[in-house]
Protein chains: 2
Amino acid sequence: MRSDVKPDRRSRDNARVTITDLSQALSLTKGTVSRALNGYPDISETTRIRVIRAAQAMGYRPLSQAQAIKTGRSCSLGLVIELSEHDAHAPFLAEFLAGLTQAASAEGWTLTIATSESEGDTLRIMRDLILHRKADGFILPRVLWDDPRIAFLDREDAPYICYGRSKNHVETSYFDAQSEVSMVEAVTWLAQLGHERIAYIGSASHYAYAHLRRDGYRTGLAQEGLAFDPALMIEEVLDPEEAAKATRQLLALEQPPTAILCATDTLARGVYDVAHEMGLQIGSDLSIVGYDGSPEAQAMWPRLATFAVDNRKAGAALGAMLMARLRDLNAPLQQELIAADFRPGGSTGRPGKMPEELAQHVIRLTADPIRND
Amino acid sequence: MRSDVKPDRRSRDNARVTITDLSQALSLTKGTVSRALNGYPDISETTRIRVIRAAQAMGYRPLSQAQAIKTGRSCSLGLVIELSEHDAHAPFLAEFLAGLTQAASAEGWTLTIATSESEGDTLRIMRDLILHRKADGFILPRVLWDDPRIAFLDREDAPYICYGRSKNHVETSYFDAQSEVSMVEAVTWLAQLGHERIAYIGSASHYAYAHLRRDGYRTGLAQEGLAFDPALMIEEVLDPEEAAKATRQLLALEQPPTAILCATDTLARGVYDVAHEMGLQIGSDLSIVGYDGSPEAQAMWPRLATFAVDNRKAGAALGAMLMARLRDLNAPLQQELIAADFRPGGSTGRPGKMPEELAQHVIRLTADPIRND
DNA sequence: AGAAACGCCGAAACCGGTTTCGGCAACGTG
DNA sequence: CACGTTGCCGAAACCGGTTTCGGCGTTTCT
């Protein structure tokens with residue numbers, strides 16, 4: 001197939017079909033071919049079809065770099081990852097990237113990713129990426145409640161889509177998991193197991209999701225008719241170490257909680273540590289629920305009950321949304337929500353001390369690796 | 001067309017400095033400026049310095065896209081991630097990307113990443129990326145023992161650097177952690193604790209590292225004067241589930257091992273599961289060592305003793321190596337190795353049953369979160 | 001029927017660079 | 001002093017596209 005015309009091995013270097021090749025094959029000018037492919041109105045439908053057919057047949061695909069210098073659009077999505085974060089994006093990143101690149105490359109687009117060390121750095125990098133046409137728009141991971149990136153990109157007039165709902169998300173395009181609903185479900189789950197004192201360990205409130213999940217927790221309590229005790233809610237917790245401290249504080253209360261709900265799996269790690277340290281049986285003495293469905297949760301014992309977010313799907317959706325927006329800058333806002341799936345684990349059970357054997361038994365039952373995909 | 005509505009749109013135009021701007025400011029022609037900056041020999045040193053000064057002062061940086069269409073090089077590194085893998089690249093990816101993008105953007109280069117679903121897909125995508133100038137060369141993560149990507153890229157005459165040592169790594173440029181040395185260290189560590197029956201659970205042998213680590217295990221045994229028992233070595237283990245099966249098999253032996261060394265942390269997860277299932281005290285009844293230093297290891301209890309690989313450093317090094325190669329295609333091979341740091345954890349201890357209290361004590365001692373860095 | 005209004009395409013400029021070619025001045029040389 | 005060299009730079013072509021402009025042949029309108 002490849003050597004039909006040119007048997008010379010070296011000719012493979014020139015394998016790419018250019019618009020000139022195409023125009024010569026069609027006996028048209030470059031300009032006409034270009035306009036035909038780009039949907040200009042001054043091309044007859046007959047010609048347009050002829051051009052598109054030939055393009056397909058010859059496998060022509062424009063060189064996006066060449067387009068970029070004239071049009072300013074390079075068909076690439078930008079993603080700037082901030083590294084300084086406490087809870088590194090580690091767990092969610094791989095799947096997220098998978099979805100993103102899949103969506104992008106399906107339409108011949110590219111993903112440009114960069115890393116930054118600080119907030120100011122992020123803005124500088126984004127401007128640079130736009131200026132150098134390495135990104136036409138951005139996907140904003142881990143949106144903050146009051147996110148400087150949003151203000152910045154609005155000012156720069158650069159398109160973007162948020163992963164998460166910021167303070168004024170009503171005015172932005174976003175994709176997000178309904179983690180507030182998950183928190184309600186978690187409370188319900190625990191309440192139905194018999195828990196009445198359910199604590200909450202939340203993350204730093206500059207994250208957008210911190211607000212949503214906290215509210216979800218409180219909604220859940222209200223819904224189950226449980227009183228809200230401020231002593232049971234500890235926020236602004238950054239990492240497992242701080243979560244451990246919070247846990248000690250909670251368990252030292254006169255009326256300690258029988259269950260702890262964590263805003264993230266990573267925080268739950270700290271709770272586990274303390275439980276082990278104090279010799280508590282997780283799943284009976286203390287029930288724990290996390291959020292994220294991260295690999296970490298799979299490594300804990302007993303398995304952490306958590307809510308799995310399909311980050312690949314999120315990436316794909318965000319990619320598609322951004323491309324749509326870049327194609328038509330005047331398109332209306334796009335807002336999409338998905339639900340996270342509850343993934344039970346041995347970390348939850350009926351509250352209160354049980355006979356040792358029974359507790360063991362319960363753990364066995366609920367801690368089985370999840371089989372149903 | 002439609003943006004006629006916004007009249008002041010142009011005002012925002014943060015004028016990128018083009019080579020034309022620069023040439024006009026210097027009263028030179030575009031061509032001269034270009035040659036001056038690109039080190040052509042027919043430019044006087046005086047002029048060259050003048051141009052470089054002005055470029056710096058005006059903040060000129062060439063638009064890589066524009067360069068690309070003429071030179072064919074787009075100043076971007078390619079990374080194709082295969083998703084089908086059992087042990088998804090999840091844990092190592094984030095840090096790795098951080099290093100990679102850091103190295104790249106420090107020199108104004110870009111990282112283009114794509115994902116593929118299969119091996120054939122990967123090759124197809126790589127060709128496509130080269131053809132469309134989205135990547136000048138590639139970084140090959142998770143090199144296989146007999147890697148089709150290497151053969152393919154050699155054939156295509158495309159530059160690349162391996163993360164890992166393949167079968168004939170002597171002829172390739174690579175960066176790798178000396179995991180074989182780590183395996184020796186692990187055996188030594190266990191032997192010094194008093195273990196004599198040390199088992200090994202290895203991963204699929206198509207991975208390059210599987211060979212190295214297996215050999216390291218055997219070298220370690222020899223070095224410690226321990227006999228090699230084929231029954232204690234199980235290979236081709238893909239995931240935690242299979243590792244669990246292997247563990248059951250090992251513990252069912254007449255003379256079961258007192259310690260299990262795993263090729264990866266992920267596999268160690270399976271061992272943990274079985275230990276918990278059988279009520280074994282990890283760190284006394286059974287010692288476990290992993291490799292990778294992944295976040296998972298931090299989530300296990302007691303902490304998994306493992307070897308931490310600095311993946312960010314790896315990414316940075318690989319990026320630098322590839323850029324060096326792309327700048328000078330005739331450069332000699334570059335080969336670099338680093339050592340992984342042993343990160344002790346509560347998962348190892350002296351072999352054999354101990355009094356319950358003592359065992360607990362040992363766990364306490366060794367399971368403390370690692371404080372030093 | 002003549003003029004105006006299309007529909008459709010070619011020609012050429014343009015984008016931001018790189019690279020080839022040729023010419024002019026200064027230089028060395030016999 | 002005439003004559004090649006050499007050093008240095010301008011002019012222009014080129015890369016692979018996009019976009020503006022103008023002109024030609026048909027319709028349509030009056």
# chains A, B, ... in the order shown; residues from 1 in each chain; ligands from 1
>>> residues_around(residues="range 4-18 of chain C", least_positions_apart="2", cutoff="10 Å", atoms="only C-alpha atoms (C1' of nucleotides)", output="PyMOL selection string")
(chain A and resi 28-32+41-44+47+66-72) or (chain B and resi 18-20+30-31+34-35+38+62-71) or (chain C and resi 2+20) or (chain D and resi 14-15+17-30)
>>> closest_atom_pairs(of="chain A", to="chain B", cutoff="6 Å", atoms="only C-alpha atoms", output="JSON lines")
{"residue": "A:Leu63", "atom": "CA", "partner": "B:His132", "partner_atom": "CA", "distance": 5.9}
{"residue": "A:Gln65", "atom": "CA", "partner": "B:Gln65", "partner_atom": "CA", "distance": 5.0}
{"residue": "A:Ala90", "atom": "CA", "partner": "B:Ala94", "partner_atom": "CA", "distance": 5.0}
{"residue": "A:Ala94", "atom": "CA", "partner": "B:Ala90", "partner_atom": "CA", "distance": 5.0}
{"residue": "A:Thr101", "atom": "CA", "partner": "B:Ala114", "partner_atom": "CA", "distance": 5.5}
{"residue": "A:Thr112", "atom": "CA", "partner": "B:Thr112", "partner_atom": "CA", "distance": 5.8}
{"residue": "A:Ala114", "atom": "CA", "partner": "B:Thr101", "partner_atom": "CA", "distance": 5.5}
{"residue": "A:His132", "atom": "CA", "partner": "B:Leu63", "partner_atom": "CA", "distance": 5.9}
{"residue": "A:Glu296", "atom": "CA", "partner": "B:Glu296", "partner_atom": "CA", "distance": 5.0}
{"residue": "A:Ala299", "atom": "CA", "partner": "B:Met300", "partner_atom": "CA", "distance": 5.8}
{"residue": "A:Met300", "atom": "CA", "partner": "B:Met300", "partner_atom": "CA", "distance": 5.4}
>>> write_last_selection(atoms="N, CA, C and O atoms", output="PDB file, in the first residue's frame")
ATOM      1  N   LEU A  63      -1.877  20.205   9.053  1.00  0.00           N
ATOM      2  CA  LEU A  63      -0.862  20.303  10.096  1.00  0.00           C
ATOM      3  C   LEU A  63      -1.284  21.420  11.039  1.00  0.00           C
ATOM      4  O   LEU A  63      -1.276  22.583  10.659  1.00  0.00           O
ATOM      5  N   GLN A  65       0.003  22.881  13.411  1.00  0.00           N
ATOM      6  CA  GLN A  65       0.979  23.936  13.656  1.00  0.00           C
ATOM      7  C   GLN A  65       0.909  25.002  12.585  1.00  0.00           C
ATOM      8  O   GLN A  65       1.036  26.203  12.870  1.00  0.00           O
ATOM      9  N   ALA A  90      -1.966  13.140  42.739  1.00  0.00           N
ATOM     10  CA  ALA A  90      -1.527  11.800  42.404  1.00  0.00           C
ATOM     11  C   ALA A  90      -2.637  10.824  42.012  1.00  0.00           C
ATOM     12  O   ALA A  90      -2.675  10.383  40.866  1.00  0.00           O
ATOM     13  N   ALA A  94      -3.979   9.997  36.890  1.00  0.00           N
ATOM     14  CA  ALA A  94      -3.775   9.057  35.797  1.00  0.00           C
ATOM     15  C   ALA A  94      -5.050   8.811  35.005  1.00  0.00           C
ATOM     16  O   ALA A  94      -5.083   8.964  33.785  1.00  0.00           O
ATOM     17  N   THR A 101      -6.978  12.846  27.320  1.00  0.00           N
ATOM     18  CA  THR A 101      -6.229  12.634  26.086  1.00  0.00           C
ATOM     19  C   THR A 101      -7.046  11.823  25.097  1.00  0.00           C
ATOM     20  O   THR A 101      -6.944  12.026  23.890  1.00  0.00           O
ATOM     21  N   THR A 112      -1.768  19.771  26.142  1.00  0.00           N
ATOM     22  CA  THR A 112      -0.500  20.333  26.597  1.00  0.00           C
ATOM     23  C   THR A 112      -0.562  20.452  28.102  1.00  0.00           C
ATOM     24  O   THR A 112      -1.444  21.121  28.630  1.00  0.00           O
ATOM     25  N   ALA A 114       1.409  21.309  31.773  1.00  0.00           N
ATOM     26  CA  ALA A 114       2.549  21.964  32.397  1.00  0.00           C
ATOM     27  C   ALA A 114       2.358  21.888  33.892  1.00  0.00           C
ATOM     28  O   ALA A 114       1.255  21.647  34.375  1.00  0.00           O
ATOM     29  N   HIS A 132       2.047  31.626  23.380  1.00  0.00           N
ATOM     30  CA  HIS A 132       2.822  30.800  22.457  1.00  0.00           C
ATOM     31  C   HIS A 132       1.981  29.736  21.778  1.00  0.00           C
ATOM     32  O   HIS A 132       2.520  28.771  21.235  1.00  0.00           O
ATOM     33  N   GLU A 296      -5.532   4.176  47.128  1.00  0.00           N
ATOM     34  CA  GLU A 296      -5.219   4.078  48.552  1.00  0.00           C
ATOM     35  C   GLU A 296      -6.293   3.310  49.299  1.00  0.00           C
ATOM     36  O   GLU A 296      -6.003   2.488  50.162  1.00  0.00           O
ATOM     37  N   ALA A 299      -5.959  -0.177  49.361  1.00  0.00           N
ATOM     38  CA  ALA A 299      -4.815  -0.727  50.068  1.00  0.00           C
ATOM     39  C   ALA A 299      -5.067  -0.794  51.572  1.00  0.00           C
ATOM     40  O   ALA A 299      -4.303  -1.402  52.299  1.00  0.00           O
ATOM     41  N   MET A 300      -6.126  -0.174  52.017  1.00  0.00           N
ATOM     42  CA  MET A 300      -6.385  -0.149  53.458  1.00  0.00           C
ATOM     43  C   MET A 300      -7.079  -1.435  53.887  1.00  0.00           C
ATOM     44  O   MET A 300      -7.716  -2.115  53.091  1.00  0.00           O
TER      45      MET A 300
END
>>> select_by_dssp(residues="range 5-197 of chain B", states="alpha helix (DSSP H)", output="PyMOL selection string")
chain B and resi 19-26+30-37+45-58+64-71+90-106+119-131+148-156+179-193
